[in-house]
Each structure stands twice: as C-alpha cells, then as structure tokens.
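Next comes target_31.cif, with mmCIF, C-alpha atoms.
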```cif
data_start
loop_
_atom_site.label_atom_id
_atom_site.label_comp_id
_atom_site.auth_asym_id
_atom_site.auth_seq_id
_atom_site.Cartn_x
_atom_site.Cartn_y
_atom_site.Cartn_z
CA MET U 1 0.00 0.00 0.00
CA GLU U 2 2.94 2.32 0.46
CA THR U 3 3.15 2.87 -3.31
CA LEU U 4 -0.52 3.88 -3.77
CA SER U 5 -1.33 7.38 -4.98
CA LEU U 6 -4.23 9.19 -6.64
CA GLU U 7 -2.65 8.27 -9.97
CA SER U 8 -2.73 4.53 -9.17
CA GLY U 9 -6.19 4.07 -10.71
CA ASN U 10 -7.77 0.64 -10.21
CA VAL U 11 -5.86 -1.42 -7.63
CA ILE U 12 -6.13 -4.66 -5.66
CA VAL U 13 -4.84 -4.63 -2.07
CA ARG U 14 -4.84 -7.16 0.76
CA GLY U 15 -4.54 -6.34 4.42
CA GLU U 16 -5.93 -6.39 7.93
CA ILE U 17 -8.91 -4.28 8.95
CA PHE U 18 -8.13 -2.13 11.98
CA SER U 19 -11.19 0.14 12.08
CA VAL U 20 -14.79 -0.26 10.86
CA GLU U 21 -17.55 2.35 10.76
CA SER U 22 -21.02 2.19 9.26
CA ARG U 23 -23.86 4.65 9.36
CA ASP U 24 -27.28 5.28 7.92
CA ILE U 25 -27.67 8.23 5.57
CA THR U 26 -31.07 9.70 6.39
CA LYS U 27 -31.15 12.17 3.50
CA ASN U 28 -31.49 9.46 0.85
CA LYS U 29 -32.12 6.46 3.13
CA GLY U 30 -28.83 4.86 2.16
CA TRP U 31 -26.03 3.31 4.16
CA ARG U 32 -22.26 3.89 4.13
CA LEU U 33 -19.60 1.42 5.16
CA SER U 34 -16.05 2.61 5.78
CA PHE U 35 -13.09 0.68 7.07
CA GLN U 36 -9.37 1.20 7.35
CA MET U 37 -6.93 -1.54 6.47
CA THR U 38 -3.18 -1.99 6.54
CA ASP U 39 -0.55 -4.23 5.00
CA TYR U 40 1.95 -2.92 7.58
CA THR U 41 3.70 -0.76 4.97
CA SER U 42 0.88 1.79 4.87
CA SER U 43 -2.89 2.06 5.33
CA VAL U 44 -5.88 2.89 3.18
CA LYS U 45 -9.49 3.83 3.92
CA VAL U 46 -12.14 1.95 1.97
CA SER U 47 -15.68 3.33 1.60
CA LYS U 48 -18.79 1.92 -0.04
CA PHE U 49 -22.19 3.62 -0.32
CA PHE U 50 -25.35 1.52 -0.57
CA ARG U 51 -28.63 2.87 -1.85
CA ALA U 52 -31.86 2.12 0.02
CA GLY U 53 -32.81 -1.51 -0.54
CA GLU U 54 -29.45 -2.46 -2.06
CA ASP U 55 -28.10 -5.79 -0.78
CA ARG U 56 -25.19 -5.28 1.62
CA GLY U 57 -24.22 -8.93 1.44
CA SER U 58 -21.42 -10.03 3.73
CA LEU U 59 -19.95 -6.51 3.84
CA ALA U 60 -22.16 -5.72 6.83
CA GLU U 61 -20.25 -8.39 8.78
CA LEU U 62 -16.74 -6.93 8.38
CA GLN U 63 -14.88 -6.64 11.67
CA LYS U 64 -11.59 -5.42 13.08
CA GLY U 65 -8.88 -8.08 12.72
CA MET U 66 -10.23 -9.64 9.51
CA TYR U 67 -7.93 -9.96 6.49
CA VAL U 68 -9.56 -8.88 3.23
CA THR U 69 -8.70 -8.34 -0.40
CA VAL U 70 -10.21 -5.21 -1.95
CA SER U 71 -10.40 -4.05 -5.55
CA GLY U 72 -11.24 -0.47 -6.47
CA ASN U 73 -10.14 2.97 -7.59
CA ILE U 74 -7.99 5.27 -5.51
CA LEU U 75 -9.99 8.50 -5.21
CA TYR U 76 -10.00 11.61 -3.05
CA ASP U 77 -13.03 11.58 -0.74
CA ARG U 78 -14.38 15.13 -0.48
CA TYR U 79 -16.69 14.14 2.36
CA ASP U 80 -13.84 12.89 4.57
CA GLU U 81 -11.26 15.21 2.99
CA ASP U 82 -8.95 12.23 2.65
#
```
Let me see the file written as structure tokens.
Amino acid sequence: METLSLESGNVIVRGEIFSVESRDITKNKGWRLSFQMTDYTSSVKVSKFFRAGEDRGSLAELQKGMYVTVSGNILYDRYDED
C-alpha cells in the first residue's frame, strides 16, 4: 500500500482491517460502510455507499482483525477530505 497514490487508478490490495464504521444516511435512506486496512507498509481507507434496498451482502459483517482483499479505484473523498 505504500506505493498507492491518486494516480494509481484501479488497484487490488490485501490487508488487515483495523477500524470499521457504518452509518445510515437519512437524507437518501442509504447506508455507508467505511473501514481502514493496513498491510503494515501503509494504510488505506475503503468506503462503499449503498442505496436504500441495495443488498449489503457479507460486507455488513466486516470486523476489526479480519484480512480482506479489496479491488477499487484510488480516489479523493471530499466528504472525509482524505
């Protein structure tokens, strides 16, 4: 993860979750899952927004200490300013 940057585009990373946060979004009745993970070289925050009624699958069961593999785009999050 230490080599990731905004220019990295689509990436696949594997690491340990060390923080998990989820919350309901009342404005549009959605749900947001965020977690931070590390490969012990660096860390990355992962966020996923679910629309009302969208299946959350096993993502709702993520917990601190789990090892996961994640695929996605590296983007600046204006909401978290990160």
### Query
Got a sec to resolve the PyMOL selection byres ((chain U and resi 37) around 9) on this structure and send the residues as a PyMOL selection string?
chain U and resi 14-19+35-36+38-39+42-46+64+67-68
#### Entry: Exercise: range 23-25 of chain U partners within 12 Å, all atoms listed in the file, chain neighbours under 3 positions left out, as JSON, numbers by chain
{"U": [20, 28, 29, 30, 31, 32, 33, 34, 35, 47, 48, 49, 50, 51, 52, 60]}
For the selection just defined, write its residues with C-alpha atoms to a file, as a PDB file, keeping the file's coordinate frame.
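Output file part22.pdb follows:
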```pdb
ATOM      1  CA  VAL U  20     -14.790  -0.260  10.860  1.00  0.00           C
ATOM      2  CA  ASN U  28     -31.490   9.460   0.850  1.00  0.00           C
ATOM      3  CA  LYS U  29     -32.120   6.460   3.130  1.00  0.00           C
ATOM      4  CA  GLY U  30     -28.830   4.860   2.160  1.00  0.00           C
ATOM      5  CA  TRP U  31     -26.030   3.310   4.160  1.00  0.00           C
ATOM      6  CA  ARG U  32     -22.260   3.890   4.130  1.00  0.00           C
ATOM      7  CA  LEU U  33     -19.600   1.420   5.160  1.00  0.00           C
ATOM      8  CA  SER U  34     -16.050   2.610   5.780  1.00  0.00           C
ATOM      9  CA  PHE U  35     -13.090   0.680   7.070  1.00  0.00           C
ATOM     10  CA  SER U  47     -15.680   3.330   1.600  1.00  0.00           C
ATOM     11  CA  LYS U  48     -18.790   1.920  -0.040  1.00  0.00           C
ATOM     12  CA  PHE U  49     -22.190   3.620  -0.320  1.00  0.00           C
ATOM     13  CA  PHE U  50     -25.350   1.520  -0.570  1.00  0.00           C
ATOM     14  CA  ARG U  51     -28.630   2.870  -1.850  1.00  0.00           C
ATOM     15  CA  ALA U  52     -31.860   2.120   0.020  1.00  0.00           C
ATOM     16  CA  ALA U  60     -22.160  -5.720   6.830  1.00  0.00           C
TER      17      ALA U  60
END
```
### 6 Å contact set for range 69-77 of chain U, only C-alpha atoms, chain neighbours under 3 positions out, as number ranges by chain
U: 6, 9-14, 80-82
## Note on the structure
A straight line from CA of Gln63 in chain U to CA of Ser22 in chain U spans 11.0 Å
### Separation of CA of Ser58 in chain U from CA of Thr26 in chain U, in Å and rounded to one decimal
22.1 Å
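Comparing U:Glu21, U:Lys27, U:Asp55, U:Tyr40 by their smallest distance to Glu2 in chain U, the closest is U:Tyr40 (using all atoms listed in the file).
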